[in-house]
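Colleague: Just one file: structure_0.tsv, with TSV, C-alpha atoms.
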```
chain	number	residue	atom	x	y	z
P	1	MET	CA	0.00	0.00	0.00
P	2	ALA	CA	2.82	2.40	0.83
P	3	GLU	CA	4.44	1.67	-2.54
P	4	ARG	CA	1.21	2.56	-4.36
P	5	ASP	CA	1.01	5.86	-2.44
P	6	GLU	CA	4.62	6.61	-3.39
P	7	GLU	CA	3.92	5.86	-7.05
P	8	GLU	CA	0.87	8.14	-7.02
P	9	ALA	CA	2.84	10.93	-5.34
P	10	GLU	CA	5.62	10.57	-7.89
P	11	ARG	CA	3.22	10.82	-10.83
P	12	SER	CA	1.26	13.78	-9.45
P	13	ASP	CA	4.00	15.90	-7.85
P	14	GLY	CA	7.11	14.86	-9.70
P	15	PHE	CA	8.95	13.73	-6.56
P	16	THR	CA	8.92	10.82	-4.16
P	17	VAL	CA	9.06	10.86	-0.39
P	18	ARG	CA	10.66	7.77	1.14
P	19	ASP	CA	10.94	6.98	4.84
P	20	LYS	CA	14.61	6.05	5.32
P	21	ARG	CA	14.56	5.82	9.08
P	22	ARG	CA	16.14	2.67	10.44
P	23	PHE	CA	13.30	1.94	12.91
P	24	ASP	CA	9.55	2.00	12.34
P	25	SER	CA	7.06	3.75	14.64
P	26	SER	CA	6.89	0.62	16.85
P	27	GLY	CA	10.64	0.66	17.44
P	28	ASN	CA	11.29	-2.39	15.26
P	29	GLU	CA	14.19	-2.36	12.87
P	30	ARG	CA	13.07	-1.94	9.29
P	31	ARG	CA	14.52	-4.43	6.82
P	32	ASP	CA	13.33	-2.75	3.62
P	33	GLU	CA	15.48	-0.32	1.62
P	34	VAL	CA	17.46	0.86	4.65
P	35	LYS	CA	21.03	-0.32	4.89
P	36	PRO	CA	22.32	-0.85	8.43
P	37	LEU	CA	24.73	1.82	9.59
P	38	ALA	CA	27.50	-0.75	10.10
P	39	SER	CA	27.44	-1.62	6.40
P	40	GLN	CA	28.38	1.90	5.35
P	41	GLU	CA	32.01	2.12	4.37
P	42	THR	CA	32.70	5.68	5.48
P	43	ALA	CA	31.52	7.74	8.39
P	44	SER	CA	30.26	11.26	8.29
P	45	PRO	CA	30.40	13.59	11.29
P	46	GLU	CA	26.62	13.27	11.66
P	47	ARG	CA	26.52	9.45	11.50
P	48	PRO	CA	29.67	7.63	12.61
P	49	VAL	CA	30.22	4.05	11.55
P	50	SER	CA	29.05	1.66	14.24
P	51	THR	CA	30.21	-1.92	14.62
P	52	GLU	CA	27.48	-2.85	17.10
P	53	SER	CA	23.82	-3.58	16.51
P	54	ASP	CA	21.83	-0.53	17.53
P	55	SER	CA	18.67	-2.61	17.91
P	56	THR	CA	19.86	-3.97	21.26
P	57	ASN	CA	20.83	-0.64	22.81
P	58	ARG	CA	19.56	2.37	20.86
P	59	SER	CA	19.91	4.88	23.70
P	60	ALA	CA	23.54	4.21	24.58
P	61	PRO	CA	25.92	3.97	21.65
P	62	SER	CA	29.33	2.62	22.42
P	63	SER	CA	32.00	5.23	23.00
P	64	SER	CA	34.33	3.04	20.97
P	65	ALA	CA	32.02	2.86	17.95
P	66	GLY	CA	34.14	2.50	14.88
P	67	LEU	CA	37.42	2.60	16.83
P	68	GLY	CA	37.75	-1.12	17.50
P	69	ASP	CA	38.52	-0.69	21.21
P	70	GLU	CA	36.43	-3.31	23.02
P	71	ARG	CA	37.84	-2.37	26.47
P	72	THR	CA	36.05	0.97	26.58
P	73	PRO	CA	32.64	0.70	28.26
P	74	ALA	CA	29.56	2.04	26.51
P	75	LEU	CA	28.90	5.71	27.15
P	76	ASP	CA	25.45	6.51	28.45
P	77	PHE	CA	23.98	9.58	30.14
P	78	ALA	CA	24.76	8.37	33.67
P	79	SER	CA	28.43	7.65	32.93
P	80	PHE	CA	28.74	11.03	31.22
P	81	ILE	CA	27.34	12.80	34.31
P	82	TRP	CA	29.65	10.76	36.56
P	83	SER	CA	32.67	11.73	34.46
P	84	LEU	CA	31.80	15.42	34.74
P	85	ALA	CA	31.21	15.06	38.50
P	86	THR	CA	34.56	13.33	38.94
P	87	GLN	CA	36.27	16.10	37.01
P	88	ALA	CA	34.62	18.71	39.26
P	89	LEU	CA	35.75	16.84	42.39
P	90	TRP	CA	39.34	16.79	41.09
P	91	GLN	CA	39.13	20.51	40.31
P	92	LEU	CA	37.90	21.18	43.87
P	93	GLY	CA	40.66	19.04	45.35
P	94	ALA	CA	38.04	16.82	47.02
P	95	ASP	CA	39.30	13.71	45.21
P	96	SER	CA	42.63	12.68	43.75
P	97	PRO	CA	43.00	11.94	40.05
P	98	PRO	CA	44.51	8.61	38.98
P	99	GLU	CA	48.23	8.12	39.41
P	100	GLY	CA	50.17	9.87	36.69
P	101	MET	CA	47.46	12.44	36.04
P	102	ALA	CA	47.83	15.95	37.41
P	103	VAL	CA	44.78	18.15	37.90
P	104	GLU	CA	45.32	21.50	39.56
P	105	LYS	CA	42.81	22.78	42.09
P	106	ASP	CA	40.71	25.36	40.28
P	107	ARG	CA	37.43	26.53	41.87
P	108	ASP	CA	36.42	28.54	38.80
P	109	ALA	CA	36.78	25.51	36.53
P	110	ALA	CA	34.88	23.37	39.06
P	111	LYS	CA	32.09	25.96	39.17
P	112	GLN	CA	31.89	25.88	35.38
P	113	THR	CA	31.76	22.07	35.34
P	114	ILE	CA	28.91	22.13	37.89
P	115	GLU	CA	27.12	24.70	35.75
P	116	ILE	CA	27.53	22.42	32.72
P	117	ILE	CA	25.83	19.59	34.62
P	118	SER	CA	23.06	22.01	35.63
P	119	LEU	CA	22.70	23.08	31.99
P	120	LEU	CA	22.40	19.44	30.94
P	121	LYS	CA	19.69	18.95	33.58
P	122	THR	CA	17.74	21.90	32.18
P	123	LYS	CA	18.17	20.95	28.53
P	124	THR	CA	17.23	17.29	29.05
P	125	THR	CA	14.08	17.96	31.11
P	126	GLY	CA	11.40	15.52	30.03
P	127	ASN	CA	13.85	13.26	28.21
P	128	LEU	CA	15.46	11.46	31.15
P	129	THR	CA	14.46	8.30	32.92
P	130	THR	CA	13.48	8.56	36.59
P	131	ASP	CA	16.87	7.10	37.59
P	132	GLU	CA	18.74	9.62	35.42
P	133	GLU	CA	16.74	12.50	36.91
P	134	ARG	CA	17.51	11.31	40.45
P	135	LEU	CA	21.18	10.85	39.57
P	136	ILE	CA	21.62	14.34	38.17
P	137	GLU	CA	19.75	15.90	41.14
P	138	GLU	CA	21.91	14.01	43.65
P	139	VAL	CA	25.16	14.74	41.80
P	140	LEU	CA	24.35	18.46	41.60
P	141	HIS	CA	23.42	18.61	45.28
P	142	GLN	CA	26.60	16.83	46.40
P	143	LEU	CA	28.87	18.88	44.11
P	144	ARG	CA	27.35	22.14	45.30
P	145	MET	CA	27.87	21.11	48.92
P	146	VAL	CA	31.53	20.22	48.25
P	147	PHE	CA	31.94	23.53	46.38
P	148	VAL	CA	30.62	25.51	49.36
P	149	ARG	CA	32.81	23.56	51.80
P	150	SER	CA	35.87	24.16	49.64
P	151	ALA	CA	35.50	27.92	50.10
P	152	ARG	CA	36.32	27.63	53.81
```
Rewrite the structure of this file - the entire thing - as structure tokens.

Modeller:
Amino acid sequence: MAERDEEEAERSDGFTVRDKRRFDSSGNERRDEVKPLASQETASPERPVSTESDSTNRSAPSSSAGLGDERTPALDFASFIWSLATQALWQLGADSPPEGMAVEKDRDAAKQTIEIISLLKTKTTGNLTTDEERLIEEVLHQLRMVFVRSAR
């Protein structure tokens, strides 16, 4: 039926509209006309080549997609927030970075990192899971408390 509609549109308007999304409205992977991302030979900045099946984990692409590094864990929203929080703690001098890494105490940089997390909270309102919302609230609260204590 969709093919007939496309043919009619092509005859009447002179152009065809094709749905090239990888997943249908039910969230199932479409098998027609759409080539999987992994089969593309080159990556563009908008769509990097992925070696993993996105149908198993659409919300958390691997941070090593296309790089071949299987040791790197998948990057999701929670791990991104934790990495920013860890960076802020290092900048406040409340935690030590790993051996061999030097991070100078810098309250202004820590304040900016906390503001970035707050910005992410604002910009992702309505798009987070309940656990992600609780995580970002707790992380912001704890970082702000450490920031205030570091002023003393």

Colleague: Could you work out an axis-aligned box for segment 113-116 of chain P, taking every atom the file lists and adding 6 Å on each side, and report centre and edge lengths in Å to one decimal, as lines of an AutoDock Vina configuration file?

Modeller:
```
center_x = 29.4
center_y = 23.4
center_z = 35.3
size_x = 16.6
size_y = 14.6
size_z = 17.2
```

Colleague: Counting only C-alpha atoms, which residue out of P:Phe147, P:Thr122, P:Ser25, P:Ser79 sits closest to Gln91 of chain P?

Modeller: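 The answer is P:Phe147, which sits nearest to Gln91 of chain P.
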
Colleague: Could you please determine the separation between atom CA of Asp131 of chain P and atom CA of Trp82 of chain P in Å, to one decimal place?

Modeller: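 If I compute the distance from atom CA of Asp131 of chain P to atom CA of Trp82 of chain P, I get 13.3 Å.
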
Colleague: Could you tell me which of P:Leu119, P:Gly126, P:Ser96, P:Ala85 comes closest to His141 of chain P if we count all atoms listed in the file?

Modeller: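 For His141 of chain P, the nearest of the candidates is P:Ala85.
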
Colleague: For Arg144 of chain P, list every protein, DNA or RNA residue within 9 Å, evaluated using only C-alpha atoms, and leave out those in the same chain fewer than 5 positions away; present the list as a ChimeraX atom specification.

Modeller: /P:111,114,139,149

Colleague: Between P:Leu120, P:Ala110, P:Ala151, P:Val146, single out the one closest to Ile81 of chain P, counting only C-alpha atoms.

Modeller: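 Residue with the minimum atom-to-atom distance to Ile81 of chain P: P:Leu120.
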
Colleague: Counting all atoms listed in the file, which of P:Leu140, P:Trp90, P:Arg22, P:Phe77 gets nearest to Glu115 of chain P?

Modeller: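 Of P:Leu140, P:Trp90, P:Arg22, P:Phe77, the one nearest Glu115 of chain P, counting all atoms listed in the file, is P:Leu140.
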
Colleague: Pick from P:Thr113, P:Leu143, P:Glu132, P:Ser150: nearest to Gly93 of chain P, with only C-alpha atoms counted?

Modeller: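 Closest to Gly93 of chain P of all the choices is P:Ser150.
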
Colleague: Give me, please, the distance in Å between atom CA of Thr129 of chain P and atom CA of Ile117 of chain P, quoted to one decimal.

Modeller: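 For atom CA of Thr129 of chain P relative to atom CA of Ile117 of chain P, the distance reads 16.1 Å.
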